[in-house]
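Data first, discussion second: the structure below is written as structure tokens.
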Amino acid sequence: MKPIHAIPAALSAIVLALAAGSADAQVANGNFNGLSGWRTDGDAAAASSGGSHLVLTNAYPGGFDDADGIDRNVSGTAPDSTGGSLEGFLGLPANALDASPTLQAYEGSAAMQTFTAAAGSQLSFQWNLATAEAPDATTPDVAFVVIDGQLITLGNTLAATNAPSGGGNFVGQTGWADWSTTLTGSGPHTIAFGVVDIGSFTDSSELLVTGVSTASAVPESSTLAMFGAGLALLALQRRRRNA
């Protein structure tokens, strides 16, 4: 029979196992106070106006790719070309960012991070897409997220029908939206954000992102069973002390 003095130690081990089974390693710097913790490709910066957030554009320095000549580049670094280079940074096949076999992605920018989370964790963030281009179904710039190698479209400039915040250098924006998903599998996960020019080099767009975070997963049934066993040990200890 287990000695009474060994029961607290066993209970402590079970509680620690419960905590380990349900804990997440939070995404680093998910509110983008600078770019620490993030790897970037192309034109990327952290902005503090209107709340700290990530800014990614498909704009070249100097504004020569926009008809109005406004420089919408935020870092002084040109966006990366697609067809292999930007996709390679994102861990995607070449040309994966093309809208279709006949509608090519030309250039864009991205930011990426790898973090650790438990299975069932909720990954969430907020995003907004602003653009200088008029709505055109043949050349809609696209904002996207890549999670564990899966490319997911957030939206395109056809949905940028709201007035831009504070006027700014853009003609429209989608407005801030919440996005979330449930992660499968425990261990390392990768998230990346990006924006690309589709169908043309002209009329720049920018993707804003903030609030990237994970919420702890609900403990698995096996972990709950361990916790139940710990409670049973505690009850047994109390009965023995009373006796």
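Ligands are numbered from 1 in the order shown, chains are lettered A, B, ... in the order of the structure tokens, and residues start at 1 in each chain.
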
Need to verify the contact set: range 190-204 of chain A, 6 Å, only C-alpha atoms, exclusion of same-chain residues closer than 6 positions in sequence. Can you return it as number ranges by chain?
A: 58-59, 65-66, 103-114, 132-133, 139-148

Contacts of Ser121 in chain A at 6 Å (only C-alpha atoms; same-chain gap of 3+ positions) as a list in words
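Listed by chain and then number, they are Ala118, Thr182, Leu183, Ala215, Ser216 and Ala217 of chain A.
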
At a cut-off of 12 Å, using only C-alpha atoms, what residues contact Thr210 in chain A? Leave out same-chain residues fewer than 2 positions from it and give the result as a ChimeraX atom specification.
/A:27-35,46-48,50-56,124-128,176-179,193,207-208,212-213

Quick one: pull the distance between CA of Gly155 in chain A and CA of Ser186 in chain A, Å, one decimal.
28.5 Å

Selection: 9 Å around Tyr60 in chain A, only C-alpha atoms, excl. self and same-chain fewer than 2 positions, as a PyMOL selection string:
chain A and resi 43+57-58+62-66+71-73+76-79+204

For the selection you just gave me, I'd like the residues written to a file as a PDB file, in the first residue's frame, keeping N, CA, C and O atoms.
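What landed in part_31.pdb:
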```pdb
ATOM      1  N   ASP A  43       8.131  44.013 -47.910  1.00  0.00           N
ATOM      2  CA  ASP A  43       7.841  45.267 -47.225  1.00  0.00           C
ATOM      3  C   ASP A  43       7.003  45.006 -45.977  1.00  0.00           C
ATOM      4  O   ASP A  43       5.803  44.731 -46.069  1.00  0.00           O
ATOM      5  N   THR A  57       2.814  45.395 -47.256  1.00  0.00           N
ATOM      6  CA  THR A  57       2.316  45.975 -48.497  1.00  0.00           C
ATOM      7  C   THR A  57       2.925  45.265 -49.703  1.00  0.00           C
ATOM      8  O   THR A  57       3.927  44.551 -49.592  1.00  0.00           O
ATOM      9  N   ASN A  58       2.315  45.505 -50.861  1.00  0.00           N
ATOM     10  CA  ASN A  58       2.912  45.079 -52.133  1.00  0.00           C
ATOM     11  C   ASN A  58       3.400  46.304 -52.911  1.00  0.00           C
ATOM     12  O   ASN A  58       3.453  46.291 -54.136  1.00  0.00           O
ATOM     13  N   GLY A  62       9.158  54.588 -53.366  1.00  0.00           N
ATOM     14  CA  GLY A  62       9.134  55.670 -54.346  1.00  0.00           C
ATOM     15  C   GLY A  62       7.796  55.883 -55.006  1.00  0.00           C
ATOM     16  O   GLY A  62       7.571  56.917 -55.628  1.00  0.00           O
ATOM     17  N   GLY A  63       6.883  54.939 -54.886  1.00  0.00           N
ATOM     18  CA  GLY A  63       5.540  55.106 -55.419  1.00  0.00           C
ATOM     19  C   GLY A  63       5.405  54.992 -56.921  1.00  0.00           C
ATOM     20  O   GLY A  63       4.371  55.356 -57.480  1.00  0.00           O
ATOM     21  N   PHE A  64       6.430  54.447 -57.608  1.00  0.00           N
ATOM     22  CA  PHE A  64       6.343  54.404 -59.071  1.00  0.00           C
ATOM     23  C   PHE A  64       5.334  53.381 -59.568  1.00  0.00           C
ATOM     24  O   PHE A  64       4.927  53.410 -60.730  1.00  0.00           O
ATOM     25  N   ASP A  65       4.906  52.448 -58.694  1.00  0.00           N
ATOM     26  CA  ASP A  65       3.938  51.442 -59.133  1.00  0.00           C
ATOM     27  C   ASP A  65       2.498  51.874 -58.876  1.00  0.00           C
ATOM     28  O   ASP A  65       1.566  51.095 -59.105  1.00  0.00           O
ATOM     29  N   ASP A  66       2.282  53.093 -58.404  1.00  0.00           N
ATOM     30  CA  ASP A  66       0.934  53.615 -58.215  1.00  0.00           C
ATOM     31  C   ASP A  66       0.706  54.809 -59.130  1.00  0.00           C
ATOM     32  O   ASP A  66       1.576  55.683 -59.256  1.00  0.00           O
ATOM     33  N   ASP A  71       3.948  57.177 -52.311  1.00  0.00           N
ATOM     34  CA  ASP A  71       4.802  56.093 -51.815  1.00  0.00           C
ATOM     35  C   ASP A  71       4.098  55.406 -50.652  1.00  0.00           C
ATOM     36  O   ASP A  71       4.011  55.959 -49.545  1.00  0.00           O
ATOM     37  N   ARG A  72       3.586  54.205 -50.874  1.00  0.00           N
ATOM     38  CA  ARG A  72       2.874  53.455 -49.835  1.00  0.00           C
ATOM     39  C   ARG A  72       3.744  52.365 -49.206  1.00  0.00           C
ATOM     40  O   ARG A  72       3.269  51.600 -48.373  1.00  0.00           O
ATOM     41  N   ASN A  73       5.001  52.290 -49.624  1.00  0.00           N
ATOM     42  CA  ASN A  73       5.942  51.354 -49.020  1.00  0.00           C
ATOM     43  C   ASN A  73       6.254  51.815 -47.593  1.00  0.00           C
ATOM     44  O   ASN A  73       6.438  53.008 -47.354  1.00  0.00           O
ATOM     45  N   GLY A  76      11.021  50.659 -46.885  1.00  0.00           N
ATOM     46  CA  GLY A  76      12.137  50.906 -47.777  1.00  0.00           C
ATOM     47  C   GLY A  76      12.631  49.666 -48.484  1.00  0.00           C
ATOM     48  O   GLY A  76      13.528  49.733 -49.323  1.00  0.00           O
ATOM     49  N   THR A  77      12.045  48.517 -48.161  1.00  0.00           N
ATOM     50  CA  THR A  77      12.382  47.251 -48.816  1.00  0.00           C
ATOM     51  C   THR A  77      11.308  46.903 -49.830  1.00  0.00           C
ATOM     52  O   THR A  77      10.115  46.992 -49.522  1.00  0.00           O
ATOM     53  N   ALA A  78      11.696  46.515 -51.017  1.00  0.00           N
ATOM     54  CA  ALA A  78      10.727  46.175 -52.055  1.00  0.00           C
ATOM     55  C   ALA A  78      10.020  44.867 -51.731  1.00  0.00           C
ATOM     56  O   ALA A  78      10.591  43.987 -51.062  1.00  0.00           O
ATOM     57  N   PRO A  79       8.780  44.700 -52.183  1.00  0.00           N
ATOM     58  CA  PRO A  79       8.107  43.405 -52.026  1.00  0.00           C
ATOM     59  C   PRO A  79       8.863  42.323 -52.781  1.00  0.00           C
ATOM     60  O   PRO A  79       9.609  42.606 -53.724  1.00  0.00           O
ATOM     61  N   SER A 204      -1.308  49.740 -55.209  1.00  0.00           N
ATOM     62  CA  SER A 204      -0.850  48.966 -54.051  1.00  0.00           C
ATOM     63  C   SER A 204      -1.950  48.728 -53.023  1.00  0.00           C
ATOM     64  O   SER A 204      -2.928  49.470 -52.936  1.00  0.00           O
TER      65      SER A 204
END
```

Of the residues A:Leu158, A:Val171, A:Val74, A:Ala94, which is the one nearest to Pro61 in chain A, using only C-alpha atoms?
A:Val74

Could you check how far CA of Ala44 in chain A sits from CA of Ser75 in chain A, in Å to one decimal?
6.0 Å

Within range 41-176 of chain A, find each residue whose DSSP state, derived from the backbone, is strand (DSSP E), and express the selection as a PyMOL selection string.
chain A and resi 41+43-47+53-57+80-81+105-117+122-131+142-147+150-156+172-173

One-decimal distance in Å that lies between CA of Gly149 in chain A and CA of Thr40 in chain A:
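According to the coordinates, CA of Thr40 in chain A and CA of Gly149 in chain A are separated by 16.3 Å.
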
Please return, as a VMD selection string, all residues of range 1-228 of chain A that DSSP assigns to alpha helix (DSSP H) on the basis of the backbone.
chain A and resid 6 to 22 85 to 90 221 to 228

Atoms to include: N, CA and C atoms. Write the selected residues as a PDB file, in the first residue's frame.
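See out_11.pdb below for the written result:
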```pdb
ATOM      1  N   ALA A   6       3.601   9.624   0.796  1.00  0.00           N
ATOM      2  CA  ALA A   6       3.881   9.616  -0.637  1.00  0.00           C
ATOM      3  C   ALA A   6       2.724  10.164  -1.450  1.00  0.00           C
ATOM      4  N   ILE A   7       1.544  10.254  -0.824  1.00  0.00           N
ATOM      5  CA  ILE A   7       0.358  10.677  -1.568  1.00  0.00           C
ATOM      6  C   ILE A   7       0.458  12.122  -2.044  1.00  0.00           C
ATOM      7  N   PRO A   8       0.880  13.087  -1.185  1.00  0.00           N
ATOM      8  CA  PRO A   8       1.003  14.457  -1.699  1.00  0.00           C
ATOM      9  C   PRO A   8       1.952  14.567  -2.879  1.00  0.00           C
ATOM     10  N   ALA A   9       3.060  13.817  -2.831  1.00  0.00           N
ATOM     11  CA  ALA A   9       4.004  13.864  -3.948  1.00  0.00           C
ATOM     12  C   ALA A   9       3.359  13.350  -5.218  1.00  0.00           C
ATOM     13  N   ALA A  10       2.602  12.242  -5.105  1.00  0.00           N
ATOM     14  CA  ALA A  10       1.921  11.693  -6.274  1.00  0.00           C
ATOM     15  C   ALA A  10       0.885  12.672  -6.809  1.00  0.00           C
ATOM     16  N   LEU A  11       0.165  13.324  -5.871  1.00  0.00           N
ATOM     17  CA  LEU A  11      -0.836  14.305  -6.289  1.00  0.00           C
ATOM     18  C   LEU A  11      -0.183  15.477  -6.996  1.00  0.00           C
ATOM     19  N   SER A  12       0.962  15.954  -6.483  1.00  0.00           N
ATOM     20  CA  SER A  12       1.669  17.062  -7.119  1.00  0.00           C
ATOM     21  C   SER A  12       2.086  16.701  -8.536  1.00  0.00           C
ATOM     22  N   ALA A  13       2.553  15.472  -8.724  1.00  0.00           N
ATOM     23  CA  ALA A  13       2.970  15.040 -10.061  1.00  0.00           C
ATOM     24  C   ALA A  13       1.796  15.046 -11.023  1.00  0.00           C
ATOM     25  N   ILE A  14       0.624  14.631 -10.533  1.00  0.00           N
ATOM     26  CA  ILE A  14      -0.563  14.602 -11.389  1.00  0.00           C
ATOM     27  C   ILE A  14      -0.998  16.015 -11.753  1.00  0.00           C
ATOM     28  N   VAL A  15      -0.958  16.931 -10.782  1.00  0.00           N
ATOM     29  CA  VAL A  15      -1.337  18.314 -11.064  1.00  0.00           C
ATOM     30  C   VAL A  15      -0.391  18.937 -12.077  1.00  0.00           C
ATOM     31  N   LEU A  16       0.905  18.659 -11.954  1.00  0.00           N
ATOM     32  CA  LEU A  16       1.867  19.171 -12.917  1.00  0.00           C
ATOM     33  C   LEU A  16       1.608  18.601 -14.302  1.00  0.00           C
ATOM     34  N   ALA A  17       1.262  17.320 -14.362  1.00  0.00           N
ATOM     35  CA  ALA A  17       0.957  16.706 -15.658  1.00  0.00           C
ATOM     36  C   ALA A  17      -0.277  17.332 -16.274  1.00  0.00           C
ATOM     37  N   LEU A  18      -1.277  17.645 -15.417  1.00  0.00           N
ATOM     38  CA  LEU A  18      -2.483  18.315 -15.913  1.00  0.00           C
ATOM     39  C   LEU A  18      -2.145  19.669 -16.508  1.00  0.00           C
ATOM     40  N   ALA A  19      -1.312  20.419 -15.786  1.00  0.00           N
ATOM     41  CA  ALA A  19      -0.929  21.748 -16.294  1.00  0.00           C
ATOM     42  C   ALA A  19      -0.168  21.635 -17.601  1.00  0.00           C
ATOM     43  N   ALA A  20       0.732  20.679 -17.691  1.00  0.00           N
ATOM     44  CA  ALA A  20       1.512  20.506 -18.918  1.00  0.00           C
ATOM     45  C   ALA A  20       0.637  20.087 -20.071  1.00  0.00           C
ATOM     46  N   GLY A  21      -0.405  19.314 -19.799  1.00  0.00           N
ATOM     47  CA  GLY A  21      -1.259  18.817 -20.864  1.00  0.00           C
ATOM     48  C   GLY A  21      -2.160  19.868 -21.450  1.00  0.00           C
ATOM     49  N   SER A  22      -2.398  20.959 -20.704  1.00  0.00           N
ATOM     50  CA  SER A  22      -3.350  21.950 -21.193  1.00  0.00           C
ATOM     51  C   SER A  22      -2.712  23.303 -21.500  1.00  0.00           C
ATOM     52  N   SER A  85      10.017  32.695 -55.074  1.00  0.00           N
ATOM     53  CA  SER A  85      10.733  33.317 -53.962  1.00  0.00           C
ATOM     54  C   SER A  85       9.838  33.541 -52.745  1.00  0.00           C
ATOM     55  N   LEU A  86       8.736  34.272 -52.904  1.00  0.00           N
ATOM     56  CA  LEU A  86       7.832  34.507 -51.785  1.00  0.00           C
ATOM     57  C   LEU A  86       7.208  33.203 -51.317  1.00  0.00           C
ATOM     58  N   GLU A  87       6.826  32.350 -52.262  1.00  0.00           N
ATOM     59  CA  GLU A  87       6.269  31.052 -51.884  1.00  0.00           C
ATOM     60  C   GLU A  87       7.284  30.219 -51.106  1.00  0.00           C
ATOM     61  N   GLY A  88       8.552  30.304 -51.495  1.00  0.00           N
ATOM     62  CA  GLY A  88       9.578  29.560 -50.782  1.00  0.00           C
ATOM     63  C   GLY A  88       9.706  30.025 -49.339  1.00  0.00           C
ATOM     64  N   PHE A  89       9.631  31.329 -49.108  1.00  0.00           N
ATOM     65  CA  PHE A  89       9.658  31.862 -47.746  1.00  0.00           C
ATOM     66  C   PHE A  89       8.498  31.304 -46.931  1.00  0.00           C
ATOM     67  N   LEU A  90       7.340  31.184 -47.565  1.00  0.00           N
ATOM     68  CA  LEU A  90       6.135  30.718 -46.880  1.00  0.00           C
ATOM     69  C   LEU A  90       6.044  29.197 -46.784  1.00  0.00           C
ATOM     70  N   SER A 221      -9.350  13.968 -22.348  1.00  0.00           N
ATOM     71  CA  SER A 221      -9.990  13.052 -21.412  1.00  0.00           C
ATOM     72  C   SER A 221      -8.974  12.322 -20.545  1.00  0.00           C
ATOM     73  N   SER A 222      -7.812  11.968 -21.125  1.00  0.00           N
ATOM     74  CA  SER A 222      -6.791  11.273 -20.351  1.00  0.00           C
ATOM     75  C   SER A 222      -6.235  12.170 -19.253  1.00  0.00           C
ATOM     76  N   THR A 223      -6.111  13.483 -19.561  1.00  0.00           N
ATOM     77  CA  THR A 223      -5.616  14.428 -18.566  1.00  0.00           C
ATOM     78  C   THR A 223      -6.644  14.623 -17.463  1.00  0.00           C
ATOM     79  N   LEU A 224      -7.917  14.703 -17.845  1.00  0.00           N
ATOM     80  CA  LEU A 224      -8.974  14.811 -16.846  1.00  0.00           C
ATOM     81  C   LEU A 224      -9.017  13.582 -15.957  1.00  0.00           C
ATOM     82  N   ALA A 225      -8.762  12.400 -16.531  1.00  0.00           N
ATOM     83  CA  ALA A 225      -8.738  11.172 -15.740  1.00  0.00           C
ATOM     84  C   ALA A 225      -7.619  11.223 -14.712  1.00  0.00           C
ATOM     85  N   MET A 226      -6.461  11.774 -15.107  1.00  0.00           N
ATOM     86  CA  MET A 226      -5.357  11.916 -14.163  1.00  0.00           C
ATOM     87  C   MET A 226      -5.743  12.855 -13.027  1.00  0.00           C
ATOM     88  N   PHE A 227      -6.432  13.936 -13.369  1.00  0.00           N
ATOM     89  CA  PHE A 227      -6.865  14.870 -12.348  1.00  0.00           C
ATOM     90  C   PHE A 227      -7.841  14.208 -11.387  1.00  0.00           C
ATOM     91  N   GLY A 228      -8.752  13.385 -11.928  1.00  0.00           N
ATOM     92  CA  GLY A 228      -9.683  12.655 -11.086  1.00  0.00           C
ATOM     93  C   GLY A 228      -8.963  11.703 -10.152  1.00  0.00           C
TER      94      GLY A 228
END
```
